[in-house]
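*Asks:* As input, take upload.txt (compact mmCIF, C-alpha atoms):
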```txt
# COMPACT_ATOMS: atom_id res chain seq x y z
CA MET C 53 80.81 48.00 62.05
CA ALA C 54 78.50 47.88 59.08
CA ALA C 55 74.74 47.76 59.56
CA GLY C 56 73.58 44.15 59.89
CA ASP C 57 76.90 42.93 61.29
CA ALA C 58 77.14 40.78 64.38
CA VAL C 59 80.25 41.15 66.49
CA ALA C 60 81.37 39.01 69.40
CA LEU C 61 83.09 41.04 72.09
CA LEU C 62 85.36 38.77 74.08
CA GLY C 63 87.79 39.31 76.90
CA PRO C 64 88.45 38.53 80.54
CA ASN C 65 86.64 40.17 83.46
CA GLY C 66 87.54 43.85 83.75
CA SER C 67 88.75 44.11 80.17
CA GLY C 68 86.16 46.78 79.33
CA LYS C 69 83.42 44.84 77.51
CA SER C 70 80.53 46.14 79.62
CA THR C 71 81.99 49.66 79.68
CA LEU C 72 82.16 49.70 75.89
CA LEU C 73 78.55 48.54 75.62
CA ARG C 74 77.46 51.16 78.14
CA ILE C 75 79.22 53.87 76.15
CA LEU C 76 77.52 52.73 72.94
CA ALA C 77 74.16 52.71 74.74
CA THR C 78 74.83 56.27 76.07
CA ALA C 79 74.73 54.99 79.65
CA ALA C 80 78.32 56.19 80.18
CA ARG C 81 80.48 58.85 78.59
CA PRO C 82 83.90 58.00 77.16
CA THR C 83 86.74 59.54 79.17
CA ALA C 84 88.48 60.36 75.89
CA GLY C 85 87.57 60.25 72.21
CA ASP C 86 84.13 59.72 70.74
CA ALA C 87 81.88 56.78 69.94
CA ARG C 88 79.53 56.86 66.97
CA VAL C 89 76.46 54.71 66.43
CA PHE C 90 74.86 54.84 62.97
CA GLY C 91 77.05 57.88 62.35
CA ILE C 92 75.68 59.74 65.40
CA SER C 93 77.89 60.60 68.35
CA THR C 94 76.80 58.93 71.57
CA GLN C 95 77.21 62.36 73.20
CA ASP C 96 74.06 63.40 71.33
CA GLY C 97 72.08 61.01 73.50
CA ASP C 98 68.49 60.69 72.40
CA PRO C 99 68.92 59.99 68.64
CA VAL C 100 71.21 57.10 69.62
CA ARG C 101 68.94 55.85 72.42
CA ARG C 102 66.04 55.58 69.96
CA ARG C 103 67.96 52.98 67.93
CA VAL C 104 69.97 51.10 70.55
CA GLY C 105 68.81 48.44 73.00
CA LEU C 106 70.98 47.17 75.83
CA LEU C 107 70.39 43.88 77.60
CA ALA C 108 72.46 44.64 80.69
CA ASP C 109 73.77 42.29 83.32
CA ARG C 110 71.60 44.01 85.96
CA ALA C 111 67.90 43.39 85.32
CA PRO C 112 65.99 46.66 84.72
CA LEU C 113 62.93 45.35 86.53
CA TYR C 114 60.74 46.31 89.47
CA ASP C 115 60.19 43.70 92.18
CA GLU C 116 56.70 44.87 93.19
CA LEU C 117 55.33 44.82 89.64
CA THR C 118 54.22 41.69 87.83
CA ALA C 119 55.94 40.51 84.65
CA VAL C 120 53.14 41.99 82.51
CA GLU C 121 53.26 45.29 84.40
CA ASN C 122 57.03 45.50 83.95
CA LEU C 123 56.62 44.98 80.20
CA ARG C 124 53.72 47.44 80.09
CA PHE C 125 55.88 50.10 81.70
CA ALA C 126 58.78 49.40 79.32
CA ALA C 127 56.43 49.52 76.31
CA ALA C 128 55.07 52.90 77.42
CA MET C 129 58.59 54.27 77.89
CA TYR C 130 59.70 52.99 74.47
CA GLY C 131 56.55 54.43 72.89
CA VAL C 132 55.49 50.94 71.75
CA ARG C 133 51.75 50.38 71.47
CA ALA C 134 51.04 46.98 72.95
CA SER C 135 47.87 45.53 74.43
CA VAL C 136 47.92 43.22 77.46
CA GLU C 137 47.40 40.32 75.03
CA ASP C 138 50.49 41.41 73.06
CA LEU C 139 52.50 41.56 76.27
CA ARG C 140 51.28 38.14 77.38
CA ALA C 141 52.26 36.78 73.96
CA ALA C 142 55.73 38.33 74.36
CA LEU C 143 56.04 36.62 77.74
CA ALA C 144 54.88 33.31 76.28
CA GLU C 145 57.68 33.57 73.70
CA VAL C 146 60.29 33.62 76.47
CA GLY C 147 58.59 30.83 78.40
CA LEU C 148 57.00 33.01 81.06
CA ALA C 149 53.32 32.60 80.12
CA ARG C 150 52.44 31.06 83.49
CA ALA C 151 54.36 33.70 85.44
CA ALA C 152 52.79 36.68 83.62
CA GLY C 153 50.77 37.74 86.67
CA ALA C 154 53.42 36.96 89.27
CA LYS C 155 55.42 39.65 90.99
CA VAL C 156 59.02 39.85 89.80
CA ARG C 157 60.38 39.54 93.34
CA THR C 158 59.33 35.87 93.25
CA PHE C 159 61.35 35.20 90.06
CA SER C 160 64.54 33.17 89.87
CA GLN C 161 67.64 34.62 88.21
CA GLY C 162 66.89 32.72 85.02
CA MET C 163 63.31 34.03 84.90
CA LEU C 164 64.58 37.58 85.39
CA GLN C 165 66.91 37.11 82.45
CA ARG C 166 64.05 35.79 80.32
CA LEU C 167 61.89 38.79 81.25
CA SER C 168 64.78 41.12 80.39
CA LEU C 169 65.00 39.36 77.01
CA ALA C 170 61.28 39.93 76.40
CA ARG C 171 61.77 43.59 77.29
CA THR C 172 64.62 43.96 74.80
CA ALA C 173 62.61 42.18 72.08
CA LEU C 174 59.73 44.57 72.74
CA GLN C 175 61.93 47.55 71.95
CA ASP C 176 63.15 45.95 68.69
CA PRO C 177 66.21 48.21 68.36
CA ASP C 178 68.39 48.60 65.26
CA LEU C 179 71.49 47.85 67.34
CA VAL C 180 71.19 45.15 70.00
CA LEU C 181 73.83 45.17 72.72
CA LEU C 182 73.88 41.97 74.75
CA ASP C 183 75.99 41.94 77.90
CA GLU C 184 76.53 38.37 79.11
CA PRO C 185 73.05 37.30 77.98
CA TYR C 186 73.67 33.61 78.78
CA ASN C 187 74.16 34.24 82.51
CA ALA C 188 71.94 32.14 84.77
CA LEU C 189 69.98 30.66 81.86
CA ASP C 190 69.06 27.01 81.52
CA VAL C 191 69.25 25.16 78.20
CA ASP C 192 65.92 26.55 76.99
CA GLY C 193 66.94 30.04 78.04
CA VAL C 194 70.19 29.78 76.10
CA ARG C 195 68.17 28.71 73.09
CA LEU C 196 65.99 31.80 73.52
CA VAL C 197 69.00 34.09 73.40
CA ASP C 198 70.19 32.27 70.30
CA GLN C 199 66.77 32.78 68.71
CA LEU C 200 66.76 36.47 69.61
CA LEU C 201 70.15 36.93 68.00
CA ALA C 202 69.25 34.91 64.91
CA SER C 203 65.96 36.78 64.52
CA ALA C 204 67.67 40.16 64.89
CA ARG C 205 70.26 39.23 62.25
CA ALA C 206 67.63 37.85 59.89
CA ARG C 207 65.85 41.23 60.02
CA GLY C 208 69.06 43.10 59.22
CA LYS C 209 69.66 44.34 62.77
CA THR C 210 73.14 44.93 64.08
CA ALA C 211 74.29 43.09 67.20
CA ILE C 212 77.19 43.14 69.62
CA LEU C 213 77.45 40.17 71.94
CA ALA C 214 79.72 40.54 74.96
CA THR C 215 80.25 37.11 76.44
CA HIS C 216 82.61 34.64 78.06
CA HIS C 217 81.08 31.89 75.93
CA ILE C 218 83.61 31.96 73.10
CA ALA C 219 81.89 29.15 71.21
CA LYS C 220 78.56 31.02 71.33
CA GLY C 221 80.23 34.20 70.16
CA LEU C 222 81.81 32.44 67.19
CA ALA C 223 78.56 30.65 66.34
CA HIS C 224 76.53 33.85 66.06
CA CYS C 225 79.00 36.46 64.93
CA SER C 226 81.02 36.93 61.77
CA ARG C 227 83.53 39.19 63.47
CA VAL C 228 85.36 38.97 66.78
CA ILE C 229 86.86 41.77 68.82
CA THR C 230 88.78 40.89 71.95
CA LEU C 231 89.61 43.38 74.66
CA ALA C 232 92.41 43.25 77.19
CA GLY C 233 92.91 46.02 79.73
CA GLY C 234 90.54 48.31 77.85
CA ARG C 235 92.37 47.94 74.55
CA VAL C 236 91.59 45.94 71.41
CA SER C 237 93.86 42.89 71.29
CA PHE C 238 92.22 41.19 68.30
CA ASP C 239 89.86 42.40 65.60
CA GLY C 240 89.11 40.15 62.69
CA PRO C 241 86.82 37.56 61.12
CA ALA C 242 85.54 34.84 63.41
CA ALA C 243 87.14 32.27 61.11
CA THR C 244 90.67 33.54 61.82
CA PHE C 245 90.12 34.04 65.56
CA ALA C 246 90.48 30.36 66.49
CA ALA C 247 94.05 30.22 65.22
CA SER C 248 95.13 33.52 66.77
CA GLN C 249 97.09 34.23 69.93
CA ALA C 250 94.02 36.09 71.25
CA ALA C 251 92.08 32.81 71.21
CA LEU C 252 94.73 31.21 73.40
CA ASP C 253 94.69 34.22 75.76
CA ALA C 254 90.89 34.18 75.91
CA GLY C 255 90.97 31.08 78.08
CA SER C 256 88.05 28.71 78.47
CA TRP C 257 85.95 27.73 75.47
CA GLU C 258 83.31 26.09 77.63
CA MET T 158 54.56 65.89 72.94
CA ARG T 159 51.69 63.43 73.49
CA ASN T 160 54.23 60.64 73.83
CA GLU T 161 56.07 62.55 76.54
CA TRP T 162 52.89 62.98 78.58
CA GLN T 163 52.23 59.26 78.18
CA ARG T 164 55.74 58.50 79.41
CA ALA T 165 55.30 60.85 82.37
CA TRP T 166 52.03 59.13 83.20
CA ALA T 167 53.72 55.71 82.91
CA VAL T 168 56.37 56.73 85.45
CA ALA T 169 53.76 58.13 87.84
CA TRP T 170 51.54 55.03 87.46
CA LYS T 171 54.50 52.72 88.07
CA ASP T 172 55.68 54.61 91.18
CA LEU T 173 52.19 54.83 92.69
CA LEU T 174 51.47 51.16 92.01
CA ILE T 175 54.74 50.13 93.66
CA GLU T 176 54.01 52.36 96.65
CA ARG T 177 50.44 51.05 96.95
CA ARG T 178 51.80 47.50 97.11
CA ALA T 179 54.96 47.98 99.17
CA LYS T 180 53.75 50.95 101.26
CA ALA T 181 57.42 51.43 102.15
CA ALA T 182 57.35 55.24 102.07
CA PHE T 183 53.81 55.65 103.30
CA ASN T 184 54.16 53.49 106.41
CA ALA T 185 57.38 55.25 107.40
CA MET T 186 55.83 58.67 106.78
CA ALA T 187 52.64 57.93 108.67
CA PHE T 188 54.52 56.52 111.66
CA PHE T 189 56.98 59.41 111.72
CA ALA T 190 54.27 62.07 111.33
CA GLY T 191 52.12 60.54 114.07
CA LEU T 192 55.10 60.34 116.42
CA VAL T 193 56.14 63.96 115.81
CA LEU T 194 52.61 65.31 116.28
CA LEU T 195 52.20 63.31 119.49
CA THR T 196 55.61 64.38 120.83
CA PHE T 197 54.85 68.07 120.25
CA GLY T 198 51.45 67.56 121.89
CA PHE T 199 53.08 66.13 125.01
CA ALA T 200 55.93 68.64 125.02
CA PHE T 201 53.71 71.74 124.93
CA GLY T 202 50.71 70.24 126.75
CA PRO T 203 47.13 70.42 125.54
CA ASP T 204 45.89 73.04 128.02
CA VAL T 205 48.81 75.48 128.27
CA PRO T 206 47.42 78.93 127.44
CA ALA T 207 49.00 80.85 124.61
CA GLY T 208 49.56 83.89 126.85
CA GLU T 209 51.27 86.67 124.92
CA ALA T 210 51.43 84.46 121.81
CA GLY T 211 47.71 85.03 121.23
CA GLN T 212 44.32 83.51 122.01
CA GLY T 213 43.59 79.85 122.75
CA THR T 214 46.21 77.32 123.76
CA LEU T 215 49.93 77.39 123.01
CA LEU T 216 49.52 74.31 120.80
CA GLN T 217 46.85 76.04 118.72
CA GLN T 218 49.14 79.00 118.20
CA LEU T 219 52.08 76.80 117.22
CA ALA T 220 50.01 74.38 115.11
CA PRO T 221 50.85 75.89 111.66
CA GLY T 222 54.59 75.56 112.28
CA LEU T 223 54.30 72.12 113.86
CA PHE T 224 52.09 70.92 111.00
CA TRP T 225 54.62 71.92 108.33
CA VAL T 226 57.63 70.65 110.30
CA THR T 227 55.87 67.27 110.44
CA ILE T 228 54.92 67.30 106.75
CA LEU T 229 58.34 68.38 105.51
CA PHE T 230 60.39 65.92 107.51
CA ALA T 231 58.01 63.05 106.80
CA GLY T 232 58.02 64.08 103.13
CA VAL T 233 61.79 63.55 102.93
CA LEU T 234 61.13 59.84 103.44
CA ALA T 235 58.83 59.72 100.41
CA LEU T 236 61.23 61.71 98.26
CA ASP T 237 64.15 59.47 99.15
CA ARG T 238 62.06 56.41 98.35
CA SER T 239 61.05 57.77 94.94
CA PHE T 240 64.46 56.99 93.42
CA GLN T 241 65.27 54.13 95.78
CA VAL T 242 62.83 51.94 93.83
CA GLU T 243 65.05 52.43 90.80
CA LEU T 244 68.02 51.00 92.70
CA GLU T 245 66.52 47.56 93.25
CA ARG T 246 68.49 44.77 91.60
CA GLY T 247 71.75 46.72 91.56
CA GLY T 248 70.44 49.88 89.93
CA GLY T 249 69.39 48.20 86.71
CA ALA T 250 66.12 50.14 86.63
CA LEU T 251 67.88 53.49 87.09
CA ASN T 252 70.20 52.68 84.20
CA ALA T 253 67.20 51.70 82.10
CA LEU T 254 65.46 55.00 82.97
CA ARG T 255 68.50 56.82 81.60
CA LEU T 256 68.38 54.80 78.39
CA TYR T 257 64.73 55.19 77.46
CA PRO T 258 64.37 57.37 74.37
CA GLY T 259 62.58 60.69 74.54
CA ASP T 260 62.69 63.74 76.74
CA ARG T 261 63.99 62.95 80.22
CA ARG T 262 61.82 65.71 81.66
CA ALA T 263 58.94 63.25 81.31
CA ILE T 264 60.64 61.14 84.00
CA TYR T 265 60.88 64.17 86.28
CA VAL T 266 57.23 65.07 85.73
CA GLY T 267 56.13 61.48 86.40
CA LYS T 268 58.14 61.23 89.61
CA LEU T 269 56.88 64.65 90.68
CA VAL T 270 53.23 63.69 90.16
CA ALA T 271 53.73 60.49 92.18
CA ASN T 272 55.49 62.35 95.02
CA ILE T 273 52.83 65.07 95.18
CA THR T 274 50.09 62.42 95.27
CA ILE T 275 51.77 60.47 98.08
CA MET T 276 52.33 63.66 100.08
CA PHE T 277 48.73 64.82 99.60
CA VAL T 278 47.43 61.51 100.89
CA MET T 279 49.68 61.85 103.92
CA GLU T 280 48.55 65.46 104.50
CA MET T 281 44.94 64.35 104.39
CA LEU T 282 45.72 61.92 107.21
CA VAL T 283 47.94 64.27 109.22
CA CYS T 284 45.39 67.12 109.15
CA PRO T 285 42.62 65.41 111.14
CA VAL T 286 45.14 63.87 113.56
CA ALA T 287 46.63 67.33 114.21
CA GLY T 288 43.11 68.70 114.52
CA ILE T 289 42.22 66.18 117.23
CA LEU T 290 45.52 66.38 119.14
CA TYR T 291 45.75 70.17 119.07
CA SER T 292 41.97 70.89 119.36
CA LEU T 293 41.83 72.72 116.03
CA ASP T 294 38.56 73.55 114.32
CA LEU T 295 39.57 72.46 110.81
CA TRP T 296 36.28 72.29 108.93
CA PRO T 297 35.68 76.02 108.23
CA ARG T 298 39.37 76.48 107.39
CA LEU T 299 39.59 73.55 104.99
CA PRO T 300 39.43 75.48 101.67
CA GLY T 301 42.19 77.89 102.75
CA LEU T 302 44.28 75.07 104.16
CA ALA T 303 43.87 73.06 100.93
CA GLY T 304 45.04 76.04 98.86
CA VAL T 305 48.19 76.47 100.97
CA ALA T 306 48.84 72.71 100.96
CA ILE T 307 48.57 72.45 97.16
CA LEU T 308 51.01 75.29 96.54
CA ALA T 309 53.47 74.37 99.30
CA THR T 310 53.50 70.66 98.47
CA THR T 311 54.10 71.39 94.79
CA GLY T 312 57.13 73.57 95.58
CA PHE T 313 58.45 71.10 98.14
CA ALA T 314 58.06 68.11 95.81
CA ALA T 315 59.51 70.02 92.82
CA VAL T 316 62.78 70.67 94.66
CA GLY T 317 62.72 67.34 96.51
CA THR T 318 62.25 65.22 93.39
CA PHE T 319 65.11 67.05 91.71
CA TYR T 320 67.52 66.52 94.61
CA ALA T 321 66.35 62.92 95.09
CA ALA T 322 67.45 62.25 91.49
CA LEU T 323 70.72 64.09 92.07
CA THR T 324 71.57 62.04 95.16
CA ALA T 325 70.11 58.72 93.94
CA ASN T 326 73.49 57.11 93.33
CA LEU T 327 75.19 58.42 96.47
CA ARG T 328 75.79 56.23 99.47
CA ALA T 329 74.99 59.05 101.92
CA ARG T 330 71.88 60.15 100.05
CA GLN T 331 69.60 59.98 103.10
CA VAL T 332 71.80 62.53 104.88
CA LEU T 333 72.52 64.67 101.83
CA LEU T 334 68.95 64.93 100.55
CA PRO T 335 67.59 67.10 103.41
CA LEU T 336 70.89 68.98 103.72
CA LEU T 337 70.74 70.04 100.07
CA MET T 338 67.00 70.50 99.88
CA PHE T 339 65.96 72.47 102.95
CA PRO T 340 68.15 75.59 102.40
CA VAL T 341 66.61 75.96 98.93
CA LEU T 342 63.14 75.44 100.39
CA VAL T 343 63.34 78.29 102.92
CA PRO T 344 60.94 80.56 100.95
CA VAL T 345 58.40 77.73 100.62
CA ILE T 346 58.61 76.85 104.32
CA LEU T 347 58.28 80.48 105.48
CA ALA T 348 55.40 81.25 103.12
CA ALA T 349 53.58 77.99 103.94
CA VAL T 350 53.84 78.50 107.72
CA LYS T 351 52.81 82.15 107.50
CA ALA T 352 49.89 81.44 105.15
CA THR T 353 48.67 78.55 107.34
CA ASP T 354 48.94 80.80 110.40
CA LEU T 355 46.75 83.38 108.65
CA VAL T 356 44.21 80.70 107.68
CA PHE T 357 44.00 79.51 111.31
CA HIS T 358 44.21 82.76 113.24
CA GLY T 359 42.52 85.26 110.96
CA ASP T 360 43.74 87.55 108.23
CA ALA T 361 42.94 91.02 109.58
CA MET T 362 45.47 92.77 107.33
CA GLY T 363 44.58 90.82 104.17
CA GLU T 364 48.06 89.31 103.85
CA LEU T 365 47.06 85.79 102.85
CA GLY T 366 46.83 86.59 99.15
CA SER T 367 50.40 87.93 99.09
CA TRP T 368 51.79 84.81 100.74
CA LEU T 369 49.88 82.55 98.35
CA ARG T 370 51.18 84.57 95.38
CA LEU T 371 54.71 84.21 96.75
CA LEU T 372 54.21 80.44 97.03
CA ALA T 373 52.89 80.27 93.46
CA ALA T 374 55.81 82.35 92.14
CA VAL T 375 58.37 80.17 93.94
CA ASP T 376 56.62 77.04 92.56
CA VAL T 377 56.91 78.37 89.01
CA LEU T 378 60.57 79.28 89.55
CA PHE T 379 61.45 75.87 91.03
CA LEU T 380 59.52 73.90 88.43
CA THR T 381 61.06 75.82 85.54
CA THR T 382 64.61 75.51 86.87
CA CYS T 383 64.28 71.82 87.68
CA LEU T 384 62.75 71.03 84.27
CA LEU T 385 65.57 72.89 82.52
CA VAL T 386 68.42 71.07 84.25
CA PHE T 387 66.95 67.63 84.97
CA GLU T 388 68.41 66.24 81.73
CA PHE T 389 71.91 66.63 83.21
CA VAL T 390 70.97 65.28 86.63
CA LEU T 391 70.23 61.84 85.22
CA GLU T 392 73.66 61.58 83.60
CA GLU T 393 75.88 59.04 85.32
```
Would you mind writing the file out in structure tokens?

*Replies:*
Amino acid sequence: MAAGDAVALLGPNGSGKSTLLRILATAARPTAGDARVFGISTQDGDPVRRRVGLLADRAPLYDELTAVENLRFAAAMYGVRASVEDLRAALAEVGLARAAGAKVRTFSQGMLQRLSLARTALQDPDLVLLDEPYNALDVDGVRLVDQLLASARARGKTAILATHHIAKGLAHCSRVITLAGGRVSFDGPAATFAASQAALDAGSWE
Amino acid sequence: MRNEWQRAWAVAWKDLLIERRAKAAFNAMAFFAGLVLLTFGFAFGPDVPAGEAGQGTLLQQLAPGLFWVTILFAGVLALDRSFQVELERGGGALNALRLYPGDRRAIYVGKLVANITIMFVMEMLVCPVAGILYSLDLWPRLPGLAGVAILATTGFAAVGTFYAALTANLRARQVLLPLLMFPVLVPVILAAVKATDLVFHGDAMGELGSWLRLLAAVDVLFLTTCLLVFEFVLEE
């Protein structure tokens, strides 16, 4: 991938999409071979972690902390200087202004996903890895993910979007990679994907 | 370096705030500690003379050992809880901890500070309860007792935090944590019990300093080793 690219990672459940993202984020080690991000091996760890942000399917949040406190902790860990007002503004951007002081254990799945989005935006990584970001989101939430992706691309950030929403993947990404059984079954421009066998194998376009 | 201290502080702040609100570890520890102290009190009886064991009652003679048995076993609950909070919501927080940039030793230091704080608070509650149940005159011995507690708790928490991270992802972690931890902690336990005994029953031979130096040396050894290898412990 070139810097600034956006790639849609498609494939059925168990095809290896999340595993690939976890390897690129240094959360897992490849069983064979090597993965490189910005020319740095993921085995090197920290230099890669400084430039990669992963929006995982499991929310990295603490139930007993409020939304603001969760963001405050993430900001401290990322080394981002942010006042409480900045954090409240970040929450307002994802539609959680009213829930800023509420404990996360009272949040619905969609609110958790929105808070995870705010957390990823706070980090502002050079490479954004999104693992099923549309899960559990309502229409406004889906629009937020779209905005996050568009904003990242506009600022020259690189993005990989692993999703079952083929239409969303094609809308945001210029390149499509499909996985089947842990192997690449299609790799090409989004424009040629629709007519390929991989598109037929990919199943639902809903 | 300043950033790493800030990150360590962030982890400690987060853990202490969660514990203050949920009180999951503290309630379990306090209940367990109270139960153990009471059980020993009933088992040995408050008025049974020490006989050949020394002056005073049998409970007073055994108090240093009973105190540390209570603290150590209750402490396991806090140590187990310290990484359990990262496993909420399917372990997403633990994964995120692994992915934060910077030196992972900051995470260890933060967790260690939180664990030591929680254990100190518990010790401050257990001490007067033990004093009342076992008829111990604590006040004049408080400075000595505090010195032993600081050194012993630091060593205990240093090893415990390390093994809590190591077993965080294991299904049988609650069984494995004490099994792995206590053999390593033998020097801390022996030195803590012996030093506390000397604080309570007099130090005619001037041995207390040696036991405290041993505790300090073991603390340095444990802290150094754990800091050196913690990076690899957090790997999946």

*Asks:* Distance limit 9 Å, atoms considered: all atoms listed in the file. Which chain C residues sit that close to chain T? Return them as a CSV table (one decimal) with C-alpha atoms, in the coordinates of the input.

*Replies:*
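So the final result, stored in part.csv, reads:
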```csv
chain,number,residue,atom,x,y,z
C,77,ALA,CA,74.2,52.7,74.7
C,78,THR,CA,74.8,56.3,76.1
C,79,ALA,CA,74.7,55.0,79.6
C,80,ALA,CA,78.3,56.2,80.2
C,81,ARG,CA,80.5,58.8,78.6
C,97,GLY,CA,72.1,61.0,73.5
C,98,ASP,CA,68.5,60.7,72.4
C,99,PRO,CA,68.9,60.0,68.6
C,100,VAL,CA,71.2,57.1,69.6
C,101,ARG,CA,68.9,55.8,72.4
C,102,ARG,CA,66.0,55.6,70.0
C,103,ARG,CA,68.0,53.0,67.9
C,104,VAL,CA,70.0,51.1,70.6
C,105,GLY,CA,68.8,48.4,73.0
C,106,LEU,CA,71.0,47.2,75.8
C,108,ALA,CA,72.5,44.6,80.7
C,109,ASP,CA,73.8,42.3,83.3
C,110,ARG,CA,71.6,44.0,86.0
C,111,ALA,CA,67.9,43.4,85.3
C,112,PRO,CA,66.0,46.7,84.7
C,113,LEU,CA,62.9,45.4,86.5
C,114,TYR,CA,60.7,46.3,89.5
C,115,ASP,CA,60.2,43.7,92.2
C,116,GLU,CA,56.7,44.9,93.2
C,117,LEU,CA,55.3,44.8,89.6
C,121,GLU,CA,53.3,45.3,84.4
C,122,ASN,CA,57.0,45.5,84.0
C,124,ARG,CA,53.7,47.4,80.1
C,125,PHE,CA,55.9,50.1,81.7
C,126,ALA,CA,58.8,49.4,79.3
C,128,ALA,CA,55.1,52.9,77.4
C,129,MET,CA,58.6,54.3,77.9
C,130,TYR,CA,59.7,53.0,74.5
C,131,GLY,CA,56.6,54.4,72.9
```

*Asks:* Please compute the CA of Thr158 in chain C-CA of Ala182 in chain T distance, one decimal, in Å.

*Replies:*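 Value for the CA of Thr158 in chain C-CA of Ala182 in chain T distance: 21.4 Å.
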
*Asks:* If we count all atoms listed in the file and set the cut-off at 8 Å, which residues sit around Val305 in chain T, ignoring sequence neighbours fewer than 4 positions away in its own chain? Please answer as a count of residues only.

*Replies:* 6

*Asks:* Kindly give the distance, in Å, that separates CA of Glu388 in chain T and CA of Lys268 in chain T, rounded to a single decimal.

*Replies:* 13.9 Å

*Asks:* Between T:Ile273, T:Ala348, T:Val266, T:Ala329, which residue has the minimum interatomic distance to Thr381 in chain T, considering all atoms listed in the file?

*Replies:*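 Once distances to Thr381 in chain T are computed over all atoms listed in the file, the minimum belongs to T:Val266.
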
*Asks:* By how many Å are CA of Cys225 in chain C and CA of Leu148 in chain C apart?

*Replies:*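 Atom-to-atom, CA of Cys225 in chain C to CA of Leu148 in chain C, that is 27.5 Å.
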